[in-house]
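What's in data-v1.cif: mmCIF, C-alpha atoms and all ligand atoms
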```cif
data_coords
#
loop_
_atom_site.label_atom_id
_atom_site.label_comp_id
_atom_site.auth_asym_id
_atom_site.auth_seq_id
_atom_site.Cartn_x
_atom_site.Cartn_y
_atom_site.Cartn_z
CA MET B 1 146.63 220.65 64.08
CA THR B 2 148.19 223.11 61.64
CA VAL B 3 144.76 224.32 60.58
CA LEU B 4 143.78 224.90 64.18
CA ILE B 5 146.94 226.93 64.88
CA ILE B 6 146.42 229.07 61.77
CA GLY B 7 142.76 229.57 62.76
CA CYS B 8 143.75 230.73 66.22
CA VAL B 9 146.37 233.11 64.93
CA LEU B 10 143.93 234.67 62.44
CA GLY B 11 141.16 234.90 65.03
CA GLY B 12 143.51 236.54 67.52
CA ALA B 13 144.69 239.04 64.94
CA ALA B 14 141.12 239.96 63.95
CA PHE B 15 140.18 240.52 67.59
CA ALA B 16 143.28 242.68 68.18
CA PHE B 17 142.46 244.73 65.07
CA TYR B 18 138.87 245.22 66.22
CA TRP B 19 140.05 246.21 69.66
CA TYR B 20 142.52 248.64 68.17
CA THR B 21 140.09 250.41 65.81
CA THR B 22 136.75 250.43 67.71
CA PRO B 23 136.03 252.38 70.92
CA GLN B 24 135.32 250.08 73.87
CA ILE B 25 132.95 250.74 76.78
CA VAL B 26 133.19 248.88 80.07
CA LEU B 27 130.38 249.40 82.60
CA GLU B 28 131.21 249.89 86.26
CA GLY B 29 128.92 247.79 88.40
CA ASP B 30 126.38 245.27 87.14
CA LYS B 31 124.78 245.29 83.72
CA THR B 32 121.43 244.69 85.40
CA MET B 33 120.85 246.51 88.65
CA GLU B 34 118.07 246.45 91.20
CA VAL B 35 117.47 249.56 93.29
CA THR B 36 114.74 250.46 95.75
CA MET B 37 112.73 253.66 95.45
CA LYS B 38 113.96 254.64 98.87
CA ASP B 39 117.68 254.28 98.06
CA GLY B 40 117.35 255.70 94.55
CA TYR B 41 119.63 255.15 91.57
CA ARG B 42 123.21 256.36 91.71
CA GLU B 43 125.05 256.22 88.40
CA PRO B 44 128.03 253.87 88.77
CA GLY B 45 129.55 255.15 85.49
CA ALA B 46 131.63 253.46 82.80
CA THR B 47 135.05 253.66 81.26
CA ALA B 48 135.93 253.80 77.56
CA SER B 49 139.11 253.23 75.62
CA PHE B 50 140.36 253.39 72.05
CA SER B 51 143.60 251.75 71.05
CA PHE B 52 144.44 251.49 74.71
CA HIS B 53 143.84 255.24 75.21
CA ASP B 54 141.45 256.23 77.96
CA ILE B 55 138.59 258.16 76.36
CA SER B 56 136.21 257.87 79.30
CA ASP B 57 135.54 261.62 79.27
CA HIS B 58 133.91 261.21 75.86
CA ILE B 59 131.12 259.03 77.24
CA GLN B 60 127.59 260.40 76.96
CA ILE B 61 125.16 258.91 79.42
CA ASP B 62 121.48 258.87 78.57
CA SER B 63 119.69 257.75 81.71
CA ARG B 64 115.95 257.12 81.56
CA VAL B 65 115.75 255.97 85.16
CA ASN B 66 112.88 257.40 87.22
CA ASP B 67 113.58 256.15 90.70
CA ASP B 68 110.33 257.62 92.03
CA LYS B 69 108.39 255.02 90.11
CA VAL B 70 108.56 251.25 90.03
CA GLY B 71 109.67 250.00 86.60
CA THR B 72 112.43 248.74 84.34
CA TYR B 73 114.61 251.43 82.82
CA LYS B 74 117.58 251.65 80.44
CA VAL B 75 120.74 253.66 80.73
CA ILE B 76 122.50 254.09 77.38
CA TYR B 77 126.21 254.84 77.24
CA THR B 78 127.57 256.20 73.99
CA VAL B 79 131.11 257.05 73.06
CA GLU B 80 132.19 258.60 69.76
CA TYR B 81 135.84 258.81 68.86
CA LEU B 82 137.51 259.45 65.52
CA GLU B 83 134.12 259.02 63.83
CA LYS B 84 133.67 255.62 65.39
CA THR B 85 130.80 255.00 67.76
CA ALA B 86 130.19 252.42 70.48
CA THR B 87 127.22 251.98 72.79
CA ALA B 88 126.52 249.98 75.90
CA GLU B 89 123.34 249.50 77.86
CA ARG B 90 122.46 248.96 81.47
CA THR B 91 119.09 247.77 82.79
CA VAL B 92 117.88 249.24 86.06
CA ASN B 93 114.93 247.69 87.90
CA VAL B 94 113.38 250.14 90.34
CA ILE B 95 111.47 248.23 93.01
CA ASP B 96 109.36 249.24 96.02
CA LYS B 97 110.19 247.67 99.35
CA GLU B 98 108.76 250.35 101.57
CA PRO B 99 105.49 249.67 103.42
CA PRO B 100 102.92 252.46 103.55
CA GLU B 101 103.11 254.78 106.52
CA LEU B 102 100.16 254.33 108.83
CA ALA B 103 99.22 257.18 111.17
CA LEU B 104 96.52 256.83 113.81
CA LEU B 105 94.40 259.97 113.87
CA GLY B 106 93.52 260.78 117.45
CA GLY B 107 96.47 258.82 118.84
CA GLU B 108 97.41 255.33 119.88
CA SER B 109 95.05 255.26 122.81
CA ILE B 110 91.64 256.82 123.07
CA SER B 111 88.84 256.45 125.56
CA PHE B 112 85.07 256.50 125.68
CA ARG B 113 82.51 256.59 128.44
CA PRO B 114 80.22 253.58 128.81
CA GLY B 115 77.22 254.05 126.57
CA GLU B 116 78.93 256.51 124.24
CA LYS B 117 78.84 255.61 120.59
CA PHE B 118 82.18 254.34 119.35
CA GLU B 119 83.51 256.27 116.43
CA ASP B 120 86.86 255.41 114.97
CA PRO B 121 88.86 258.62 114.46
CA GLY B 122 90.41 256.93 111.43
CA VAL B 123 93.89 256.46 110.06
CA THR B 124 95.91 257.74 107.17
CA ALA B 125 98.06 255.55 104.97
CA ILE B 126 100.54 257.19 102.65
CA ASP B 127 102.63 255.08 100.34
CA ASP B 128 105.65 256.07 98.29
CA SER B 129 104.33 254.39 95.16
CA ASP B 130 100.55 254.31 95.64
CA GLY B 131 100.12 257.72 97.28
CA ASP B 132 97.19 258.23 99.67
CA ILE B 133 95.59 254.83 100.24
CA SER B 134 93.87 255.71 103.52
CA SER B 135 90.51 254.54 102.20
CA LYS B 136 91.88 251.04 101.66
CA VAL B 137 92.89 250.44 105.27
CA ALA B 138 91.09 247.46 106.80
CA ALA B 139 90.11 248.05 110.41
CA LYS B 140 88.92 245.30 112.72
CA GLY B 141 88.10 244.82 116.37
CA PHE B 142 84.76 245.31 118.10
CA VAL B 143 84.79 248.01 120.76
CA ASP B 144 82.03 247.29 123.21
CA THR B 145 81.32 250.73 124.60
CA THR B 146 78.49 249.23 126.64
CA CYS B 147 81.08 247.59 128.85
CA LYS B 148 84.06 249.02 130.71
CA GLY B 149 87.38 247.54 129.64
CA SER B 150 90.24 247.74 127.21
CA TYR B 151 89.73 246.96 123.52
CA GLU B 152 91.96 246.77 120.47
CA ARG B 153 91.44 248.10 116.98
CA VAL B 154 93.80 246.60 114.42
CA TYR B 155 94.53 248.34 111.13
CA ASP B 156 96.08 246.61 108.12
CA ILE B 157 97.21 247.91 104.76
CA SER B 158 99.38 246.69 101.87
CA ASP B 159 100.60 248.65 98.89
CA SER B 160 100.33 247.29 95.33
CA TYR B 161 103.71 245.62 95.69
CA GLY B 162 102.74 243.61 98.77
CA ASN B 163 104.55 245.75 101.36
CA ALA B 164 102.38 245.52 104.45
CA ALA B 165 101.96 247.72 107.50
CA SER B 166 99.78 247.36 110.54
CA ALA B 167 98.97 249.36 113.63
CA VAL B 168 97.04 248.78 116.83
CA ARG B 169 95.03 251.29 118.79
CA THR B 170 93.95 250.74 122.37
CA VAL B 171 90.44 251.90 123.16
CA THR B 172 89.50 252.17 126.81
CA VAL B 173 85.93 252.32 127.98
CA GLU B 174 85.95 254.00 131.37
CA GLY B 175 84.29 256.57 133.59
CA GLU B 176 80.67 257.34 134.34
CA PRO B 177 78.09 255.90 131.96
CA VAL B 178 76.45 258.52 129.75
CA ARG B 179 73.09 257.08 130.71
CA LYS B 180 72.03 254.24 132.90
CA VAL B 181 70.02 251.46 131.33
CA LYS B 182 67.34 250.70 133.87
CA GLY B 183 64.62 248.15 134.29
CA VAL B 184 65.41 246.13 131.21
CA ILE B 185 65.48 242.34 131.09
CA TYR B 186 67.41 240.36 128.52
CA LEU B 187 66.21 236.75 128.60
CA THR B 188 69.01 234.53 127.33
CA PHE B 189 68.86 230.81 126.60
CA ASP B 190 72.01 228.71 126.13
CA ASP B 191 72.69 225.24 124.72
CA GLY B 192 69.67 224.99 122.38
CA PRO B 193 67.92 224.71 120.11
CA SER B 194 65.95 221.74 121.36
CA ALA B 195 62.79 220.33 119.79
CA LYS B 196 61.57 219.52 123.28
CA VAL B 197 62.10 222.84 125.06
CA THR B 198 62.76 225.66 122.57
CA ASP B 199 59.34 225.41 120.94
CA LYS B 200 57.67 225.76 124.35
CA VAL B 201 59.86 228.77 125.13
CA LEU B 202 58.93 230.34 121.79
CA ASP B 203 55.22 229.74 122.41
CA THR B 204 55.49 231.58 125.73
CA LEU B 205 57.47 234.45 124.23
CA GLU B 206 54.97 234.79 121.41
CA LYS B 207 52.01 234.73 123.76
CA HIS B 208 53.50 237.49 125.93
CA LYS B 209 55.00 239.41 122.99
CA VAL B 210 58.44 239.31 124.55
CA PRO B 211 61.76 238.80 122.72
CA ALA B 212 64.78 236.80 123.93
CA THR B 213 68.25 235.77 122.83
CA PHE B 214 69.35 232.21 122.04
CA PHE B 215 73.04 231.30 122.29
CA VAL B 216 73.00 228.14 120.22
CA ILE B 217 75.27 225.16 119.68
CA ASP B 218 75.52 222.86 116.66
CA TYR B 219 72.17 221.45 115.49
CA GLY B 220 73.46 219.02 112.87
CA THR B 221 71.13 218.81 109.89
CA ASP B 222 67.99 218.88 112.02
CA GLN B 223 65.41 220.79 109.97
CA GLU B 224 63.12 221.14 113.01
CA LYS B 225 65.82 223.03 114.86
CA ILE B 226 66.46 225.26 111.88
CA LYS B 227 62.73 226.01 111.79
CA LEU B 228 62.78 226.91 115.48
CA MET B 229 65.59 229.40 114.96
CA LYS B 230 63.85 230.90 111.92
CA ARG B 231 60.72 231.31 113.99
CA ALA B 232 62.71 232.95 116.78
CA ILE B 233 64.17 235.50 114.37
CA LYS B 234 60.74 236.16 112.85
CA ASP B 235 59.37 236.77 116.35
CA GLY B 236 62.00 239.45 117.06
CA CYS B 237 64.46 237.28 118.97
CA THR B 238 68.19 237.23 118.28
CA ILE B 239 70.55 234.31 117.77
CA GLY B 240 73.99 234.30 119.32
CA ILE B 241 76.89 231.89 119.17
CA HIS B 242 77.60 229.57 122.06
CA GLY B 243 79.90 227.34 120.00
CA TYR B 244 79.76 224.56 117.47
CA SER B 245 80.87 222.14 120.16
CA HIS B 246 80.33 222.52 123.89
CA ASP B 247 83.11 220.09 124.77
CA TYR B 248 85.42 222.09 127.04
CA SER B 249 88.40 219.82 126.41
CA LYS B 250 88.21 220.51 122.68
CA ILE B 251 87.19 224.15 122.51
CA TYR B 252 89.50 225.39 125.26
CA ALA B 253 92.53 223.46 124.00
CA SER B 254 93.93 226.55 122.25
CA VAL B 255 92.95 229.98 120.91
CA PRO B 256 92.80 228.72 117.28
CA ASP B 257 90.66 225.74 118.37
CA PHE B 258 88.23 228.06 120.09
CA MET B 259 88.05 230.52 117.21
CA GLU B 260 87.45 227.69 114.75
CA ASN B 261 84.59 226.52 116.97
CA VAL B 262 83.05 230.00 116.76
CA THR B 263 83.64 230.56 113.05
CA LYS B 264 82.28 227.15 112.12
CA LEU B 265 78.95 227.86 113.80
CA HIS B 266 78.87 231.45 112.53
CA ASP B 267 79.28 230.24 108.95
CA LYS B 268 76.71 227.48 109.40
CA LEU B 269 74.11 229.94 110.72
CA LYS B 270 74.91 232.25 107.84
CA ALA B 271 74.32 229.42 105.36
CA ASP B 272 71.18 227.99 107.00
CA LEU B 273 69.48 231.16 108.22
CA ASP B 274 71.16 233.89 106.21
CA TYR B 275 71.91 235.40 109.62
CA ASP B 276 75.13 237.10 110.70
CA ALA B 277 75.44 236.06 114.36
CA ARG B 278 77.92 238.41 116.03
CA ILE B 279 76.95 238.21 119.67
CA MET B 280 78.31 235.30 121.62
CA ARG B 281 78.59 233.68 125.01
CA PHE B 282 81.52 231.57 126.17
CA PRO B 283 80.56 228.06 127.28
CA GLY B 284 80.88 228.30 131.05
CA GLY B 285 81.06 232.10 130.81
CA SER B 286 84.19 234.22 130.52
CA SER B 287 84.81 233.66 134.24
CA ASN B 288 85.03 229.86 133.90
CA THR B 289 87.93 228.09 135.55
CA VAL B 290 87.41 224.77 133.77
CA SER B 291 89.36 226.02 130.72
CA GLU B 292 92.44 226.18 132.91
CA ASP B 293 92.57 222.36 132.82
CA TYR B 294 93.14 222.46 129.04
CA CYS B 295 95.05 225.68 128.44
CA LYS B 296 96.44 228.00 131.09
CA GLY B 297 95.56 231.64 130.48
CA ILE B 298 93.31 231.00 127.50
CA MET B 299 90.38 233.13 128.70
CA THR B 300 92.62 236.19 129.03
CA ASN B 301 93.50 235.81 125.36
CA LEU B 302 90.05 234.80 124.16
CA VAL B 303 88.15 237.78 125.52
CA LYS B 304 90.46 239.95 123.40
CA GLU B 305 90.54 237.68 120.38
CA VAL B 306 86.78 237.30 119.90
CA GLN B 307 86.41 241.09 119.98
CA ILE B 308 89.26 241.63 117.52
CA GLU B 309 87.42 239.23 115.20
CA GLY B 310 84.29 241.34 115.49
CA TYR B 311 82.22 239.45 118.07
CA LYS B 312 80.56 240.89 121.15
CA TYR B 313 80.36 238.58 124.13
CA SER B 314 78.10 238.77 127.11
CA ASP B 315 77.97 236.83 130.34
CA TRP B 316 75.00 237.27 132.69
CA ASN B 317 74.22 239.05 135.93
CA VAL B 318 71.12 237.11 136.96
CA ASP B 319 71.37 233.33 137.24
CA SER B 320 68.13 231.37 137.05
CA THR B 321 70.17 228.47 138.52
CA ASP B 322 68.83 226.06 135.91
CA ALA B 323 72.39 224.93 135.17
CA SER B 324 72.86 223.64 138.72
CA GLY B 325 71.10 220.39 137.78
CA ASN B 326 68.22 218.98 135.76
CA ASN B 327 64.58 219.40 136.77
CA ILE B 328 65.32 222.22 139.18
CA PRO B 329 61.92 223.01 140.75
CA VAL B 330 59.98 225.68 138.89
CA ASN B 331 59.59 227.80 142.03
CA LYS B 332 63.31 227.79 142.70
CA LEU B 333 63.93 229.16 139.20
CA ILE B 334 61.26 231.84 139.54
CA ASN B 335 62.49 232.95 142.95
CA SER B 336 66.08 233.09 141.84
CA VAL B 337 65.14 235.49 139.03
CA LYS B 338 62.86 237.56 141.28
CA ASP B 339 65.52 237.86 143.98
CA ASN B 340 68.31 238.90 141.63
CA CYS B 341 66.64 241.21 139.13
CA ASP B 342 67.09 244.87 139.92
CA PRO B 343 64.94 247.64 138.41
CA GLU B 344 67.87 250.03 138.81
CA LYS B 345 70.02 248.15 136.29
CA PHE B 346 69.79 246.08 133.14
CA ASN B 347 69.38 242.39 133.82
CA VAL B 348 70.85 239.63 131.69
CA ILE B 349 69.19 236.40 132.82
CA LEU B 350 70.95 233.08 132.26
CA MET B 351 68.65 230.23 131.28
CA HIS B 352 68.95 227.09 129.17
CA ASP B 353 66.77 225.51 126.50
CA SER B 354 68.46 222.15 125.99
CA ASP B 355 66.35 218.95 126.12
CA ALA B 356 66.81 218.48 129.86
CA LYS B 357 65.58 221.95 130.86
CA GLU B 358 61.83 221.39 130.80
CA THR B 359 61.31 223.13 134.12
CA THR B 360 62.87 226.27 132.66
CA ALA B 361 60.17 226.30 129.97
CA LYS B 362 57.59 225.81 132.70
CA ALA B 363 58.95 228.65 134.85
CA LEU B 364 59.14 231.14 131.99
CA PRO B 365 55.48 232.29 131.85
CA LYS B 366 55.52 233.07 135.58
CA ILE B 367 58.83 234.93 135.30
CA ILE B 368 57.51 237.09 132.46
CA GLU B 369 54.20 237.81 134.20
CA TRP B 370 55.99 238.85 137.37
CA ALA B 371 58.50 241.06 135.51
CA LYS B 372 55.81 242.79 133.48
CA LYS B 373 53.90 243.55 136.62
CA GLU B 374 57.08 245.03 138.13
CA GLY B 375 57.42 247.30 135.10
CA TYR B 376 60.38 245.66 133.42
CA GLU B 377 60.89 246.02 129.71
CA PHE B 378 62.11 243.04 127.66
CA LYS B 379 64.69 243.30 124.92
CA ALA B 380 66.68 240.95 122.70
CA MET B 381 70.45 241.37 122.77
CA THR B 382 72.08 243.09 119.84
CA MET B 383 75.50 244.56 119.18
CA ASP B 384 74.27 247.79 120.81
CA SER B 385 72.84 246.21 123.96
CA PRO B 386 74.64 246.55 127.26
CA ALA B 387 76.78 243.49 127.89
CA VAL B 388 77.90 241.84 131.10
CA HIS B 389 81.55 240.88 131.36
CA HIS B 390 82.58 238.66 134.23
CA LYS B 391 86.03 238.86 135.76
CA VAL B 392 88.33 236.58 133.83
CA ASN B 393 89.80 233.86 136.06
CA ASN B 394 92.14 232.10 133.68
ZN ZN J 1 76.41 226.19 127.74
#
```
For this file, produce the structure as structure tokens.
Ligand code: ZN
Amino acid sequence: MTVLIIGCVLGGAAFAFYWYTTPQIVLEGDKTMEVTMKDGYREPGATASFSFHDISDHIQIDSRVNDDKVGTYKVIYTVEYLEKTATAERTVNVIDKEPPELALLGGESISFRPGEKFEDPGVTAIDDSDGDISSKVAAKGFVDTTCKGSYERVYDISDSYGNAASAVRTVTVEGEPVRKVKGVIYLTFDDGPSAKVTDKVLDTLEKHKVPATFFVIDYGTDQEKIKLMKRAIKDGCTIGIHGYSHDYSKIYASVPDFMENVTKLHDKLKADLDYDARIMRFPGGSSNTVSEDYCKGIMTNLVKEVQIEGYKYSDWNVDSTDASGNNIPVNKLINSVKDNCDPEKFNVILMHDSDAKETTAKALPKIIEWAKKEGYEFKAMTMDSPAVHHKVNN
């Protein structure tokens, strides 16, 4: 006990002596500070004393803080008094919390006439730490200038410190078309490929040197079906997405469910055919009302969403009526096409090449022969083709 008391007394005396003969610096504020580039660093200061005298005005502050640049900096405080020196140090972390500033060149809403080529006026992105990063902005959203309507372009950017900014531009396609596409027929086949029907369709197309577009569904691991699609591409046809599944209750359950159904087939086609399918057709068309049973309002969202994700959708304006049942008489199919095609417009003909549509394959040669005689030109749908958009009903 005695030893402890003596120890304490001596220790206390030594501390008092040190305090009395050495200048002391006390920092105002925290020893480690975090400041944003935007707020900047403001020196909180320090106080100094010597033998209980205030010698704060003797403090020299050496600040190495550059608050225009992210980093860790030191501020050194030195006080010299009666040939005795003391120093203290503060650490300042300058961080960036500001997102880049995105500016839409040309404004938040722009418009094009149908048939005009879409050109994005671009954006600028200026960041306080990274400078001009305009070239790194990711833009997405397909603007279908072949079709009147309202489209969205979405721009995203992040600076090197993960501060993100995004902006949306509305693009309206309106007014008189720059040129009318006339007398063109786009033959489109949904729900294939089918070993039973698609090969017959391809034989006919090859014989008449006419291309078409196939909006396909999942084909499992069927090598025959993969071969059919490869042949179609080789023959100048195009492949579009109908959907991995055609089950309305699954695909129209929600927007994410639908998009997964599209992406899954897109990625499968990419893997099997090395083909980037970007045109698509909604099962039931964009005007379907069946989706309402599974998700109210989903079509209104989907027509926007598929375009934002870079897909172009097309419905049809000539119905062969082969979806109204199986084994629809060949003549009924031919007449329906003849009656509804119009040489003064472009014609997107709805047909099917699933197993049950054998009469469609049988009607096709007659349809092509008739159309050629009438002077129609045949084309496969691409991202630049005119598209048909039905009125959305859900
Ligand atoms: Zn279908």
Next on the checklist: Taking only C-alpha atoms and all ligand atoms into account, list the residues no farther than 8 Å from ligand ZN 1 (chain J), as JSON, numbers by chain.
Outcome noted: {"B": [190, 191, 242, 246, 282, 283, 284, 352]}
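Note that the spacing between atom CA of B:Val306 and atom CA of B:Met381 amounts to 17.1 Å.
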Checklist entry - Counting only C-alpha atoms, what is within 10 Å of B:Lys38, bar same-chain residues fewer than 3 positions away, as a VMD selection string? => result chain B and resid 35 41 67 to 68 94 to 98 128
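In this comparison, which uses all atoms listed in the file, the residue of B:Asp353, B:Glu344, B:Asp120, B:Asp57 approaching B:Tyr376 most closely is B:Glu344.
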Next on the checklist: Give me the residues near B:Leu187 as a PyMOL selection string, where near means some atom within 12 Å (using all atoms listed in the file) and where sequence neighbours in that chain fewer than 3 positions away do not count.
Outcome noted: chain B and resi 184+190+201-202+205+210-215+237-239+315-320+337+341+346-353+360+364+367-368+371+376-381
Selected residues written out, C-alpha atoms, as a PDB file, keeping the file's coordinate frame:
```pdb
ATOM      1  CA  VAL B 184      65.410 246.130 131.210  1.00  0.00           C
ATOM      2  CA  ASP B 190      72.010 228.710 126.130  1.00  0.00           C
ATOM      3  CA  VAL B 201      59.860 228.770 125.130  1.00  0.00           C
ATOM      4  CA  LEU B 202      58.930 230.340 121.790  1.00  0.00           C
ATOM      5  CA  LEU B 205      57.470 234.450 124.230  1.00  0.00           C
ATOM      6  CA  VAL B 210      58.440 239.310 124.550  1.00  0.00           C
ATOM      7  CA  PRO B 211      61.760 238.800 122.720  1.00  0.00           C
ATOM      8  CA  ALA B 212      64.780 236.800 123.930  1.00  0.00           C
ATOM      9  CA  THR B 213      68.250 235.770 122.830  1.00  0.00           C
ATOM     10  CA  PHE B 214      69.350 232.210 122.040  1.00  0.00           C
ATOM     11  CA  PHE B 215      73.040 231.300 122.290  1.00  0.00           C
ATOM     12  CA  CYS B 237      64.460 237.280 118.970  1.00  0.00           C
ATOM     13  CA  THR B 238      68.190 237.230 118.280  1.00  0.00           C
ATOM     14  CA  ILE B 239      70.550 234.310 117.770  1.00  0.00           C
ATOM     15  CA  ASP B 315      77.970 236.830 130.340  1.00  0.00           C
ATOM     16  CA  TRP B 316      75.000 237.270 132.690  1.00  0.00           C
ATOM     17  CA  ASN B 317      74.220 239.050 135.930  1.00  0.00           C
ATOM     18  CA  VAL B 318      71.120 237.110 136.960  1.00  0.00           C
ATOM     19  CA  ASP B 319      71.370 233.330 137.240  1.00  0.00           C
ATOM     20  CA  SER B 320      68.130 231.370 137.050  1.00  0.00           C
ATOM     21  CA  VAL B 337      65.140 235.490 139.030  1.00  0.00           C
ATOM     22  CA  CYS B 341      66.640 241.210 139.130  1.00  0.00           C
ATOM     23  CA  PHE B 346      69.790 246.080 133.140  1.00  0.00           C
ATOM     24  CA  ASN B 347      69.380 242.390 133.820  1.00  0.00           C
ATOM     25  CA  VAL B 348      70.850 239.630 131.690  1.00  0.00           C
ATOM     26  CA  ILE B 349      69.190 236.400 132.820  1.00  0.00           C
ATOM     27  CA  LEU B 350      70.950 233.080 132.260  1.00  0.00           C
ATOM     28  CA  MET B 351      68.650 230.230 131.280  1.00  0.00           C
ATOM     29  CA  HIS B 352      68.950 227.090 129.170  1.00  0.00           C
ATOM     30  CA  ASP B 353      66.770 225.510 126.500  1.00  0.00           C
ATOM     31  CA  THR B 360      62.870 226.270 132.660  1.00  0.00           C
ATOM     32  CA  LEU B 364      59.140 231.140 131.990  1.00  0.00           C
ATOM     33  CA  ILE B 367      58.830 234.930 135.300  1.00  0.00           C
ATOM     34  CA  ILE B 368      57.510 237.090 132.460  1.00  0.00           C
ATOM     35  CA  ALA B 371      58.500 241.060 135.510  1.00  0.00           C
ATOM     36  CA  TYR B 376      60.380 245.660 133.420  1.00  0.00           C
ATOM     37  CA  GLU B 377      60.890 246.020 129.710  1.00  0.00           C
ATOM     38  CA  PHE B 378      62.110 243.040 127.660  1.00  0.00           C
ATOM     39  CA  LYS B 379      64.690 243.300 124.920  1.00  0.00           C
ATOM     40  CA  ALA B 380      66.680 240.950 122.700  1.00  0.00           C
ATOM     41  CA  MET B 381      70.450 241.370 122.770  1.00  0.00           C
TER      42      MET B 381
END
```
Next on the checklist: I'd like the neighbourhood of B:Arg153 as a list of chain:residue names, where a residue qualifies if any of its atoms comes within 6 Å (using all atoms listed in the file), though same-chain residues fewer than 5 positions away should be ignored.
Outcome noted: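 The residues satisfying every condition are B:Lys140, B:Gly141, B:Val168, B:Arg169.
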Let's have the selection written as a PDB file, keeping the file's coordinate frame, with C-alpha atoms.
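The file below, again-v3.pdb, is the result:
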```pdb
ATOM      1  CA  LYS B 140      88.920 245.300 112.720  1.00  0.00           C
ATOM      2  CA  GLY B 141      88.100 244.820 116.370  1.00  0.00           C
ATOM      3  CA  VAL B 168      97.040 248.780 116.830  1.00  0.00           C
ATOM      4  CA  ARG B 169      95.030 251.290 118.790  1.00  0.00           C
TER       5      ARG B 169
END
```
Could the centre and edge lengths of an axis-aligned box, enclosing all atoms of stretch 294-305 of chain B in the file with 4 Å extra on each side, be given in Å to one decimal as JSON?
```
{"center_x": 92.3, "center_y": 231.2, "center_z": 125.7, "size_x": 16.3, "size_y": 25.5, "size_z": 18.7}
```
Can I get N, CA, C and O atoms for stretch 316-327 of chain B, as a compact mmCIF listing (two decimals), in the first residue's frame?
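Final output, saved to out-v4.txt:
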```
# COMPACT_ATOMS: atom_id res chain seq x y z
N TRP B 316 -49.22 -6.57 -85.87
CA TRP B 316 -49.50 -6.86 -87.27
C TRP B 316 -50.66 -5.99 -87.73
O TRP B 316 -51.42 -5.47 -86.91
N ASN B 317 -50.78 -5.81 -89.03
CA ASN B 317 -51.96 -5.10 -89.55
C ASN B 317 -52.73 -5.91 -90.59
O ASN B 317 -53.72 -5.44 -91.13
N VAL B 318 -52.24 -7.12 -90.86
CA VAL B 318 -53.01 -8.05 -91.71
C VAL B 318 -53.04 -9.40 -90.98
O VAL B 318 -51.99 -9.95 -90.67
N ASP B 319 -54.24 -9.88 -90.71
CA ASP B 319 -54.37 -11.14 -89.98
C ASP B 319 -54.75 -12.25 -90.96
O ASP B 319 -55.78 -12.17 -91.63
N SER B 320 -53.92 -13.27 -91.03
CA SER B 320 -54.26 -14.40 -91.92
C SER B 320 -55.40 -15.22 -91.35
O SER B 320 -55.96 -16.07 -92.04
N THR B 321 -55.72 -14.98 -90.10
CA THR B 321 -56.77 -15.68 -89.33
C THR B 321 -56.40 -17.12 -88.98
O THR B 321 -57.25 -17.88 -88.54
N ASP B 322 -55.12 -17.47 -89.12
CA ASP B 322 -54.77 -18.86 -88.80
C ASP B 322 -54.71 -19.13 -87.30
O ASP B 322 -54.49 -20.26 -86.87
N ALA B 323 -54.91 -18.07 -86.49
CA ALA B 323 -54.93 -18.29 -85.04
C ALA B 323 -56.37 -18.52 -84.54
O ALA B 323 -56.58 -18.81 -83.37
N SER B 324 -57.33 -18.41 -85.47
CA SER B 324 -58.73 -18.54 -85.03
C SER B 324 -59.12 -20.01 -84.83
O SER B 324 -60.22 -20.31 -84.38
N GLY B 325 -58.22 -20.93 -85.15
CA GLY B 325 -58.49 -22.35 -84.94
C GLY B 325 -57.41 -23.14 -85.65
O GLY B 325 -56.50 -22.55 -86.25
N ASN B 326 -57.49 -24.48 -85.58
CA ASN B 326 -56.53 -25.29 -86.33
C ASN B 326 -57.19 -25.74 -87.63
O ASN B 326 -58.42 -25.83 -87.73
N ASN B 327 -56.33 -26.01 -88.63
CA ASN B 327 -56.83 -26.46 -89.94
C ASN B 327 -57.86 -25.51 -90.55
O ASN B 327 -58.86 -25.93 -91.13
```
